[in-house]
Each structure stands twice: as structure tokens, then as C-alpha cells.
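Engineer: Encoded as C-alpha cells, here's the structure I'll be asking about.
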Amino acid sequence: MEYRQLGASGLRVPALSFGTGTFGGTGPLFGAWGQSDAAEARRLIDVCLDAGVTLFDTADVYSNGASEEILGQAIRGRRDAVLISTKTGLPMGEGPQDWGASRARLVRAVEDSLRRLDTDHIDLLQLHAFDASTPTEELMGTLAALINAGKVRYAGVSNYPGWQLMKAQGLAERHGLPRLVAHQVYYSLIGRAYEADLMPLAADQGIGALVWSPLGWGRLTGKIGRGRPVPAGSRLRDTEQFAPPVDQDHLYKVVDALEAVAAETGKTVPQIAINWLLGRPTVSSVIIGARDEAQLRQNLGAVGWALTPEQVAALDEASAILPPYPHTPYHQQEGFARLAPALV
């Protein structure tokens, strides 16, 4: 397994990490993802550790805390061998203090996560969503206090607007507070919006991307393509209302390119989709998930080899989209193009 720095921090993370949204799955979303109990979770973690995958990502909102609880049980006795990433900020109840990133909410949420995970610290705490009702000064001060108390090692965000992320970094710089080092983002061959603003920001500010849903919410598994609709039993049938949207023709164009590269390499469509992400700027780790051991082992096969420049170019071309204003002229007009950063 390759290990990378998490942004500009000193924390080294594996190129692949494991998402535990399938642990203890309940409800219409997480129940469709998977329902691994503690025994199955322990086996999946065994496979991960054997492959060098040491970072495990969860969230308090995953099955109302069950994912954190099962992860804590599954790593018992080997806490020092793993890194735990969890997220908070989304609603965990109906009360006014049950959501968001206020000082009261964050302190209580971290204590609750520590209890469920059965640990004394969280390696990476990420804010699951932007809370416009909490001042940035309060947010960054609370994160600094949690880090100084040893309850959190590093802090980051997930699904954050670029201007708010930059505002938080600027405030941390101005007041000598710990900077945010990670951004957990949706990024895939059928979802490249991350590249427009957030990727250049991450490169400039030393923020490592942790990529969620690298297979485009199950659309890049190789089971869907021209003349192959969503199969029976696919989680996409039950969860499509939660999924990032994608134009059907664009999806098929990307799948065609993936299948062509698969035929050339002997790799699977998911392996190629994940490997392409590992070559993108600012990506520190790609979060893979799995319902079972066979699916996990297939996804682990995305590392240890490289696409050729020609294959990368073919995938780039098939998946390219024209970004929205104000980025459009930088891709369409010669004078603007010369001013664009050479990141993507």
C-alpha cells in the first residue's frame, strides 16, 4: 500500500481507506448500503489491515451511531494499528443542540463519538456540513480546544463551500490556530465538479482530499452501461434520490471509456475508476466501501499498478465537462485560458 501525506500535515494515510457506512446499516439509506455486524466488520478490517489499509472513516449520523459503535468493537485490542476518521454536524435528533457546529454541539458530539468508538481520541474529526449559524471564530476555537485537549488529533471538513473553507483557513492563520488539513469530497469520473474551485484551493492551502463515492454512487461498478439498466438488487434503485445526479448519456460515455481500458488492462471497471482518482492532484486517500469480503478484495486491487498516459487521457476526455460560470471562459476563450491554473 502506498502512503501519502494528508494535505500539508504530518499525518501519513494510506492511498485507500475504508468507509464504514455499511456497519450496522439501518434505515432507507444506510440499510441499503449494507448491514455488517461486529463479526463481519472485524473480518473486513482484518482484510484491510493485511493490505495496509489503516484509515477507517465513519460518522455519528451513520445509522444513528451504530457504525461508530461497531467500528469501535471491531478494532478493540488494536487501536494503535488504525486511524479513525469520523464526522459530525448533521442532525442526530430533533432538539436545537442536536445538529450543527456550535461549541456546545461539537464538544458533546466528540464526547459521544469517543464513547461509541471506545477510544480516547479521534485521529481526524471532520465537519460533515457547513453550519451557517455558527461563527467561524467559534468553530475554529472549539476545534483548537479539542485538539489541545488531546481528544482530536487533526481537523477537516466535508462537502464544504470553498469560500467558507478559505475563510476558516485565513482565521486559523491569523490567530495561530490549527489549520484544517482534509476535505472529504465527492469526486469521480462522473462527478468532476471538485476540480473547478475546491481542488485549486486544496493545492494552495495544503488540504488533502478524502474522496467519497469514487464509483459515482454505484454507477461505475461495471454493472450499468448501454443496454444495461440498473440491475435488480442494486442499492441504486433504493437510494438514487440521495445520489449526486448525472446525465445518462454522459454516464454511458464514461462507462464506454472505462470498459475499453478494462479490456486493455485486464482490470475491472471499478479498479480503473479508483486508480484514475489516485492520480489526480490533491487526492490523499480514496475511501472504498464493501458489503462483503469479495467486493472489498476487488476494490483493493485498484492499487499497485498504473494506467498509461494514453489511458488516462482517454478517461479524461470521456469524463470532461464544461464547468459553470465563472470558470466557463477559462475553458473556452484563449485569453482566459492563459490565466487558468495548470492543475487539471
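In the C-alpha cells, chains take the letters A, B, ... in the order shown, each chain's residues start at 1, and ligands count up from 1 in the order shown.
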Could you pull out the strand (DSSP E or B) residues of stretch 59-193 of chain A, going by DSSP on the backbone, and write them as a list of chain:residue names?
Structural biologist: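 So, restricting stretch 59-193 of chain A to strand (DSSP E or B), we get A:Leu83, A:Ile84, A:Ser85, A:Thr86, A:Lys87, A:Thr88, A:Ile122, A:Asp123, A:Leu124, A:Leu125, A:Gln126, A:Leu127, A:Val152, A:Arg153, A:Tyr154, A:Ala155, A:Gly156, A:Val157, A:Ser158, A:Ala182, A:His183, A:Gln184, A:Val185, A:Tyr186, A:Ser188, A:Gly191.
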Engineer: Just write the chosen residues, N, CA and C atoms, as a compact mmCIF listing (two decimals), in the first residue's frame.
Structural biologist:
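Output saved as part.txt:
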```txt
# COMPACT_ATOMS: atom_id res chain seq x y z
N LEU A 83 -6.13 4.28 12.17
CA LEU A 83 -6.52 5.68 12.24
C LEU A 83 -8.03 5.75 12.11
N ILE A 84 -8.66 6.54 12.98
CA ILE A 84 -10.11 6.71 12.93
C ILE A 84 -10.44 8.11 12.45
N SER A 85 -11.26 8.16 11.42
CA SER A 85 -11.82 9.42 10.92
C SER A 85 -13.32 9.38 11.13
N THR A 86 -13.87 10.38 11.81
CA THR A 86 -15.32 10.45 11.95
C THR A 86 -15.79 11.86 11.65
N LYS A 87 -17.10 11.99 11.46
CA LYS A 87 -17.68 13.26 11.07
C LYS A 87 -18.87 13.59 11.96
N THR A 88 -19.13 14.88 12.11
CA THR A 88 -20.29 15.31 12.88
C THR A 88 -20.80 16.62 12.32
N ILE A 122 -9.78 10.88 18.61
CA ILE A 122 -10.17 10.75 17.20
C ILE A 122 -9.02 11.28 16.36
N ASP A 123 -8.54 10.49 15.43
CA ASP A 123 -7.39 10.91 14.64
C ASP A 123 -7.73 12.05 13.68
N LEU A 124 -8.91 11.99 13.08
CA LEU A 124 -9.35 13.05 12.17
C LEU A 124 -10.83 13.30 12.38
N LEU A 125 -11.16 14.50 12.85
CA LEU A 125 -12.56 14.91 13.00
C LEU A 125 -12.90 15.85 11.86
N GLN A 126 -14.01 15.53 11.16
CA GLN A 126 -14.44 16.37 10.05
C GLN A 126 -15.85 16.89 10.28
N LEU A 127 -16.07 18.14 9.94
CA LEU A 127 -17.40 18.73 10.00
C LEU A 127 -18.17 18.25 8.77
N VAL A 152 -8.88 15.20 19.85
CA VAL A 152 -8.83 15.19 18.39
C VAL A 152 -7.39 15.48 17.97
N ARG A 153 -6.90 14.76 16.98
CA ARG A 153 -5.54 14.99 16.50
C ARG A 153 -5.50 16.00 15.35
N TYR A 154 -6.38 15.83 14.38
CA TYR A 154 -6.44 16.71 13.21
C TYR A 154 -7.90 17.00 12.90
N ALA A 155 -8.13 18.14 12.22
CA ALA A 155 -9.50 18.54 11.87
C ALA A 155 -9.61 18.81 10.38
N GLY A 156 -10.80 18.55 9.86
CA GLY A 156 -11.09 18.82 8.47
C GLY A 156 -12.58 19.06 8.29
N VAL A 157 -13.01 19.09 7.04
CA VAL A 157 -14.41 19.33 6.72
C VAL A 157 -14.86 18.34 5.65
N SER A 158 -16.14 18.36 5.36
CA SER A 158 -16.70 17.52 4.31
C SER A 158 -17.81 18.30 3.60
N ALA A 182 -7.93 18.46 5.85
CA ALA A 182 -8.60 17.48 4.99
C ALA A 182 -9.95 18.01 4.54
N HIS A 183 -10.36 17.60 3.37
CA HIS A 183 -11.69 17.88 2.87
C HIS A 183 -12.23 16.60 2.25
N GLN A 184 -13.28 16.05 2.86
CA GLN A 184 -13.88 14.83 2.32
C GLN A 184 -14.91 15.25 1.27
N VAL A 185 -14.66 14.83 0.03
CA VAL A 185 -15.40 15.37 -1.11
C VAL A 185 -15.93 14.24 -2.01
N TYR A 186 -17.03 14.56 -2.69
CA TYR A 186 -17.49 13.68 -3.76
C TYR A 186 -16.66 13.98 -5.01
N SER A 188 -15.49 11.75 -8.74
CA SER A 188 -15.46 10.52 -9.52
C SER A 188 -15.37 10.89 -11.00
N GLY A 191 -18.31 12.74 -11.76
CA GLY A 191 -18.57 13.87 -10.86
C GLY A 191 -17.30 14.66 -10.63
```
Engineer: Write out as a ChimeraX atom specification the set of residues from stretch 127-242 of chain A that DSSP, computed on the backbone, places in helix (DSSP H, G or I).
Structural biologist: /A:136-148,162-175,193-195,198-205,235-242
Engineer: I need the residues from that last selection saved to file as a tab-separated table (two decimals), in the first residue's frame (with C-alpha atoms), if you can.
Structural biologist:
```tsv
chain	number	residue	atom	x	y	z
A	136	THR	CA	-16.19	30.78	12.08
A	137	GLU	CA	-14.31	32.13	15.11
A	138	GLU	CA	-16.36	29.92	17.44
A	139	LEU	CA	-15.94	26.89	15.21
A	140	MET	CA	-12.17	27.16	14.82
A	141	GLY	CA	-11.69	28.00	18.50
A	142	THR	CA	-13.63	24.90	19.52
A	143	LEU	CA	-11.65	22.66	17.17
A	144	ALA	CA	-8.42	24.11	18.58
A	145	ALA	CA	-9.59	23.40	22.14
A	146	LEU	CA	-10.46	19.80	21.26
A	147	ILE	CA	-7.03	19.35	19.65
A	148	ASN	CA	-5.25	20.93	22.62
A	162	GLY	CA	-14.84	26.86	-0.97
A	163	TRP	CA	-15.26	30.40	0.34
A	164	GLN	CA	-16.10	29.16	3.84
A	165	LEU	CA	-13.18	26.76	3.82
A	166	MET	CA	-10.82	29.56	2.83
A	167	LYS	CA	-12.34	31.83	5.49
A	168	ALA	CA	-11.62	29.18	8.15
A	169	GLN	CA	-8.03	28.78	6.94
A	170	GLY	CA	-7.47	32.52	6.99
A	171	LEU	CA	-8.81	32.84	10.51
A	172	ALA	CA	-6.60	29.98	11.71
A	173	GLU	CA	-3.57	31.62	10.12
A	174	ARG	CA	-4.38	34.99	11.67
A	175	HIS	CA	-4.84	33.65	15.20
A	193	ALA	CA	-17.10	19.43	-10.07
A	194	TYR	CA	-14.47	19.24	-7.28
A	195	GLU	CA	-11.85	20.32	-9.82
A	198	LEU	CA	-12.08	23.12	-4.39
A	199	MET	CA	-9.09	21.39	-5.96
A	200	PRO	CA	-7.11	24.61	-6.62
A	201	LEU	CA	-7.98	25.77	-3.10
A	202	ALA	CA	-6.75	22.47	-1.67
A	203	ALA	CA	-3.49	22.68	-3.61
A	204	ASP	CA	-2.90	26.24	-2.43
A	205	GLN	CA	-3.83	25.63	1.20
A	235	ARG	CA	-28.63	-0.20	-3.94
A	236	LEU	CA	-29.03	2.50	-6.58
A	237	ARG	CA	-32.68	1.55	-7.03
A	238	ASP	CA	-33.44	2.39	-3.40
A	239	THR	CA	-31.06	5.32	-2.87
A	240	GLU	CA	-30.98	7.22	-6.16
A	241	GLN	CA	-32.85	10.14	-4.57
A	242	PHE	CA	-29.80	10.71	-2.33
```
Engineer: Counting only C-alpha atoms, which residue out of A:Gln5, A:Tyr330, A:Asp120, A:Ala104 sits closest to A:Gly206?
Structural biologist: A:Gln5
Engineer: Any idea what the distance is between atom CA of A:Ile287 and atom CA of A:Leu210?
Structural biologist: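 Separating atom CA of A:Ile287 from atom CA of A:Leu210 is a distance of 6.7 Å.
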Engineer: Skip A:Leu71 itself and residues of its chain fewer than 4 positions away, then list as a list in words all residues within 9 Å of it, counting only C-alpha atoms.
Structural biologist: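 These residues fall inside the cut-off: Thr20, Phe23, Ala38, Ala41, Arg42, Ile45, Phe56, Thr58, Ala66, Ser67, Ile75, Arg76, Arg116 and Leu117 of chain A.
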Engineer: Export all heavy atoms of the chosen residues as a short mmCIF file (atom, residue, chain, number, x, y, z; two decimals), in the first residue's frame?
Structural biologist:
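This went into part-v7.cif:
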```
data_model
loop_
_atom_site.label_atom_id
_atom_site.label_comp_id
_atom_site.auth_asym_id
_atom_site.auth_seq_id
_atom_site.Cartn_x
_atom_site.Cartn_y
_atom_site.Cartn_z
N THR A 20 -17.02 2.96 6.57
CA THR A 20 -17.79 2.01 7.37
C THR A 20 -19.29 2.34 7.40
O THR A 20 -19.98 2.00 8.35
CB THR A 20 -17.25 1.95 8.81
OG1 THR A 20 -17.47 3.22 9.45
CG2 THR A 20 -15.77 1.64 8.82
N PHE A 23 -21.57 -0.56 8.20
CA PHE A 23 -21.58 -1.20 9.52
C PHE A 23 -22.89 -0.88 10.24
O PHE A 23 -23.22 0.28 10.46
CB PHE A 23 -20.41 -0.72 10.37
CG PHE A 23 -19.05 -1.23 9.93
CD1 PHE A 23 -18.90 -1.99 8.79
CD2 PHE A 23 -17.92 -0.95 10.69
CE1 PHE A 23 -17.65 -2.45 8.39
CE2 PHE A 23 -16.67 -1.41 10.31
CZ PHE A 23 -16.53 -2.17 9.15
N ALA A 38 -20.73 -6.81 14.05
CA ALA A 38 -19.37 -6.68 14.58
C ALA A 38 -18.45 -7.78 14.06
O ALA A 38 -17.27 -7.52 13.76
CB ALA A 38 -19.41 -6.69 16.11
N ALA A 41 -17.66 -7.04 10.44
CA ALA A 41 -16.82 -5.84 10.40
C ALA A 41 -15.39 -6.17 10.79
O ALA A 41 -14.43 -5.68 10.19
CB ALA A 41 -17.39 -4.78 11.34
N ARG A 42 -15.23 -7.02 11.80
CA ARG A 42 -13.89 -7.41 12.24
C ARG A 42 -13.15 -8.14 11.12
O ARG A 42 -11.95 -7.91 10.90
CB ARG A 42 -13.99 -8.29 13.48
CG ARG A 42 -12.67 -8.52 14.21
CD ARG A 42 -12.89 -9.24 15.53
NE ARG A 42 -13.69 -8.44 16.45
CZ ARG A 42 -14.94 -8.74 16.83
NH1 ARG A 42 -15.53 -9.83 16.36
NH2 ARG A 42 -15.59 -7.96 17.66
N ILE A 45 -12.08 -5.61 8.48
CA ILE A 45 -10.94 -4.84 8.96
C ILE A 45 -9.67 -5.68 8.94
O ILE A 45 -8.58 -5.18 8.64
CB ILE A 45 -11.23 -4.27 10.36
CG1 ILE A 45 -12.28 -3.15 10.23
CG2 ILE A 45 -9.97 -3.75 11.04
CD1 ILE A 45 -12.76 -2.59 11.54
N PHE A 56 -9.89 4.27 8.75
CA PHE A 56 -11.29 3.85 8.71
C PHE A 56 -12.18 5.07 8.96
O PHE A 56 -12.04 5.75 9.97
CB PHE A 56 -11.54 2.74 9.73
CG PHE A 56 -10.73 1.51 9.45
CD1 PHE A 56 -9.47 1.35 10.02
CD2 PHE A 56 -11.19 0.55 8.57
CE1 PHE A 56 -8.69 0.23 9.73
CE2 PHE A 56 -10.42 -0.57 8.27
CZ PHE A 56 -9.17 -0.73 8.85
N THR A 58 -15.91 6.97 9.36
CA THR A 58 -17.27 6.77 9.82
C THR A 58 -17.90 8.14 10.07
O THR A 58 -17.38 9.16 9.66
CB THR A 58 -17.29 5.88 11.08
OG1 THR A 58 -18.64 5.63 11.47
CG2 THR A 58 -16.54 6.51 12.24
N ALA A 66 -24.60 3.64 15.09
CA ALA A 66 -24.28 2.20 15.08
C ALA A 66 -22.97 1.93 14.36
O ALA A 66 -22.22 1.02 14.75
CB ALA A 66 -25.42 1.42 14.44
N SER A 67 -22.67 2.68 13.31
CA SER A 67 -21.42 2.48 12.58
C SER A 67 -20.22 2.72 13.50
O SER A 67 -19.26 1.93 13.51
CB SER A 67 -21.35 3.40 11.36
OG SER A 67 -20.08 3.33 10.75
N ILE A 75 -12.25 -2.91 16.23
CA ILE A 75 -10.82 -2.59 16.35
C ILE A 75 -10.32 -2.77 17.78
O ILE A 75 -9.18 -2.44 18.08
CB ILE A 75 -10.53 -1.14 15.89
CG1 ILE A 75 -11.25 -0.13 16.78
CG2 ILE A 75 -10.90 -0.96 14.43
CD1 ILE A 75 -10.84 1.31 16.52
N ARG A 76 -11.17 -3.27 18.66
CA ARG A 76 -10.77 -3.45 20.05
C ARG A 76 -9.51 -4.31 20.15
O ARG A 76 -9.40 -5.35 19.53
CB ARG A 76 -11.91 -4.08 20.84
CG ARG A 76 -11.72 -4.09 22.35
CD ARG A 76 -13.03 -4.39 23.04
NE ARG A 76 -14.00 -3.32 22.83
CZ ARG A 76 -15.33 -3.49 22.86
NH1 ARG A 76 -15.83 -4.71 23.06
NH2 ARG A 76 -16.14 -2.46 22.70
N ARG A 116 -18.84 5.94 21.82
CA ARG A 116 -19.28 4.89 20.90
C ARG A 116 -18.09 4.14 20.29
O ARG A 116 -18.14 2.92 20.09
CB ARG A 116 -20.15 5.49 19.78
CG ARG A 116 -21.54 5.88 20.23
CD ARG A 116 -22.42 6.24 19.05
NE ARG A 116 -22.00 7.48 18.41
CZ ARG A 116 -22.53 8.67 18.66
NH1 ARG A 116 -23.51 8.79 19.55
NH2 ARG A 116 -22.10 9.75 18.02
N LEU A 117 -17.02 4.87 19.98
CA LEU A 117 -15.83 4.26 19.39
C LEU A 117 -14.96 3.55 20.42
O LEU A 117 -14.01 2.85 20.05
CB LEU A 117 -15.00 5.33 18.67
CG LEU A 117 -15.62 5.89 17.38
CD1 LEU A 117 -14.97 7.21 17.01
CD2 LEU A 117 -15.48 4.88 16.24
#
```
Engineer: Would you please work out which residue, of A:Arg115, A:Gly227, A:Ile288, A:Ser319, is nearest to A:Ala257 when using only C-alpha atoms?
Structural biologist: A:Ser319
Engineer: Can you pull out every residue within 12 Å of A:Phe336, counting only C-alpha atoms, but drop anything in the same chain fewer than 6 positions away, and send it as an MDAnalysis selection string?
Structural biologist: chainID A and resid 326:330
Engineer: Write out, as a PDB file, in the first residue's frame, the residues just selected, with N, CA, C and O atoms.
Structural biologist:
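Saved result, selection_28.pdb, follows:
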```pdb
ATOM      1  N   PRO A 326     -18.045  31.102 -12.889  1.00  0.00           N
ATOM      2  CA  PRO A 326     -17.185  31.890 -13.769  1.00  0.00           C
ATOM      3  C   PRO A 326     -16.042  31.114 -14.414  1.00  0.00           C
ATOM      4  O   PRO A 326     -15.134  31.717 -14.979  1.00  0.00           O
ATOM      5  N   HIS A 327     -16.073  29.791 -14.353  1.00  0.00           N
ATOM      6  CA  HIS A 327     -14.964  29.003 -14.896  1.00  0.00           C
ATOM      7  C   HIS A 327     -15.070  28.803 -16.397  1.00  0.00           C
ATOM      8  O   HIS A 327     -14.075  28.521 -17.056  1.00  0.00           O
ATOM      9  N   THR A 328     -16.284  28.953 -16.948  1.00  0.00           N
ATOM     10  CA  THR A 328     -16.510  28.647 -18.356  1.00  0.00           C
ATOM     11  C   THR A 328     -15.547  29.352 -19.305  1.00  0.00           C
ATOM     12  O   THR A 328     -14.924  28.697 -20.154  1.00  0.00           O
ATOM     13  N   PRO A 329     -15.377  30.683 -19.201  1.00  0.00           N
ATOM     14  CA  PRO A 329     -14.482  31.335 -20.179  1.00  0.00           C
ATOM     15  C   PRO A 329     -13.038  30.866 -20.094  1.00  0.00           C
ATOM     16  O   PRO A 329     -12.318  30.922 -21.096  1.00  0.00           O
ATOM     17  N   TYR A 330     -12.597  30.388 -18.920  1.00  0.00           N
ATOM     18  CA  TYR A 330     -11.218  29.897 -18.795  1.00  0.00           C
ATOM     19  C   TYR A 330     -11.013  28.610 -19.588  1.00  0.00           C
ATOM     20  O   TYR A 330      -9.877  28.216 -19.872  1.00  0.00           O
TER      21      TYR A 330
END
```
Engineer: Find the spatial neighbours of stretch 304-311 of chain A, counting only C-alpha atoms, within a cut-off of 10 Å - ignore same-chain residues fewer than 4 positions away - and output them as a short mmCIF file (atom, residue, chain, number, x, y, z; two decimals) with N, CA, C and O atoms, in the first residue's frame.
Structural biologist:
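Output (part-v2.cif):
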```cif
data_model
loop_
_atom_site.label_atom_id
_atom_site.label_comp_id
_atom_site.auth_asym_id
_atom_site.auth_seq_id
_atom_site.Cartn_x
_atom_site.Cartn_y
_atom_site.Cartn_z
N MET A 1 0.84 -1.20 0.00
CA MET A 1 0.00 0.00 0.00
C MET A 1 0.88 1.25 0.00
O MET A 1 1.83 1.35 0.77
N GLU A 2 0.53 2.19 -0.83
CA GLU A 2 1.20 3.49 -0.84
C GLU A 2 0.63 4.35 0.29
O GLU A 2 -0.58 4.31 0.56
N ALA A 257 -15.66 4.33 -22.06
CA ALA A 257 -14.22 4.53 -21.96
C ALA A 257 -13.60 3.61 -20.90
O ALA A 257 -12.52 3.04 -21.11
N LEU A 258 -14.29 3.45 -19.80
CA LEU A 258 -13.80 2.55 -18.75
C LEU A 258 -13.72 1.11 -19.25
O LEU A 258 -12.75 0.39 -18.98
N ALA A 260 -13.35 0.10 -22.28
CA ALA A 260 -12.27 -0.02 -23.25
C ALA A 260 -10.93 -0.18 -22.55
O ALA A 260 -10.10 -1.02 -22.94
N VAL A 261 -10.70 0.60 -21.50
CA VAL A 261 -9.45 0.48 -20.74
C VAL A 261 -9.42 -0.85 -20.00
O VAL A 261 -8.36 -1.48 -19.87
N ALA A 262 -10.56 -1.29 -19.51
CA ALA A 262 -10.62 -2.59 -18.83
C ALA A 262 -10.19 -3.72 -19.77
O ALA A 262 -9.47 -4.64 -19.38
N GLU A 264 -8.17 -3.45 -22.23
CA GLU A 264 -6.73 -3.34 -22.49
C GLU A 264 -5.89 -3.84 -21.32
O GLU A 264 -4.81 -4.39 -21.50
N THR A 265 -6.36 -3.62 -20.12
CA THR A 265 -5.55 -3.86 -18.92
C THR A 265 -5.84 -5.18 -18.21
O THR A 265 -5.01 -5.66 -17.42
N ILE A 272 -10.30 0.49 -12.32
CA ILE A 272 -9.80 1.56 -13.19
C ILE A 272 -10.32 2.91 -12.71
O ILE A 272 -9.58 3.90 -12.67
N ASN A 275 -8.33 3.83 -9.64
CA ASN A 275 -6.94 4.12 -9.97
C ASN A 275 -6.80 5.49 -10.63
O ASN A 275 -5.83 6.21 -10.37
N TRP A 276 -7.75 5.86 -11.48
CA TRP A 276 -7.72 7.19 -12.11
C TRP A 276 -7.73 8.28 -11.04
O TRP A 276 -6.98 9.25 -11.11
N LEU A 278 -6.63 8.13 -8.01
CA LEU A 278 -5.37 8.15 -7.25
C LEU A 278 -4.29 8.96 -7.95
O LEU A 278 -3.32 9.38 -7.31
N GLY A 279 -4.47 9.20 -9.22
CA GLY A 279 -3.50 10.01 -9.96
C GLY A 279 -3.86 11.47 -10.04
O GLY A 279 -3.12 12.25 -10.66
N LEU A 300 -9.57 -3.38 -3.45
CA LEU A 300 -8.17 -3.29 -3.04
C LEU A 300 -7.23 -3.51 -4.23
O LEU A 300 -6.08 -3.09 -4.21
N LEU A 315 -9.70 8.58 -20.56
CA LEU A 315 -10.67 8.73 -19.47
C LEU A 315 -10.94 10.21 -19.20
O LEU A 315 -12.09 10.60 -18.94
N ASP A 316 -9.90 11.02 -19.24
CA ASP A 316 -10.07 12.47 -19.05
C ASP A 316 -11.03 13.03 -20.10
O ASP A 316 -11.94 13.81 -19.77
N GLU A 317 -10.80 12.66 -21.34
CA GLU A 317 -11.61 13.21 -22.43
C GLU A 317 -13.06 12.76 -22.32
O GLU A 317 -14.00 13.57 -22.49
#
```
Engineer: As an exercise, work out the distance from atom CA of A:Gly176 to atom CA of A:Ser113 in Å and give it to one decimal place.
Structural biologist: 26.9 Å
Engineer: Hey, what's within 6 Å of stretch 6-11 of chain A if we count only C-alpha atoms and toss same-chain stuff fewer than 6 positions away? As a list in words, please?
Structural biologist: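 Selected residues are Val181, Gly206, Ile207, Gly208 and Ser284 of chain A.
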Engineer: Closest to A:Arg226 among A:Arg12, A:Gln248, A:Ser36, A:Thr268, using only C-alpha atoms?
Structural biologist: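 Using only C-alpha atoms, A:Arg226 sits closest to A:Gln248.
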Engineer: Pick the closest to A:Leu277 from A:Ala132, A:Ala232, A:Val13, A:Ala209: which is it, counting only C-alpha atoms?
Structural biologist: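 The answer is A:Ala209, which sits nearest to A:Leu277.
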Engineer: Which of these, A:Val82, A:Leu49, A:Met92, A:Val107, has the shortest distance to A:Val61 once you count only C-alpha atoms?
Structural biologist: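 Ranking A:Val82, A:Leu49, A:Met92, A:Val107 by distance to A:Val61, first place goes to A:Met92.
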Engineer: My list of candidates is A:Leu180, A:Ala290, A:Asp247, A:Gln271. Which is closest to A:Gly222 when distances are computed with only C-alpha atoms?
Structural biologist: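 Checking each of A:Leu180, A:Ala290, A:Asp247, A:Gln271 against A:Gly222, counting only C-alpha atoms, the winner is A:Gln271.
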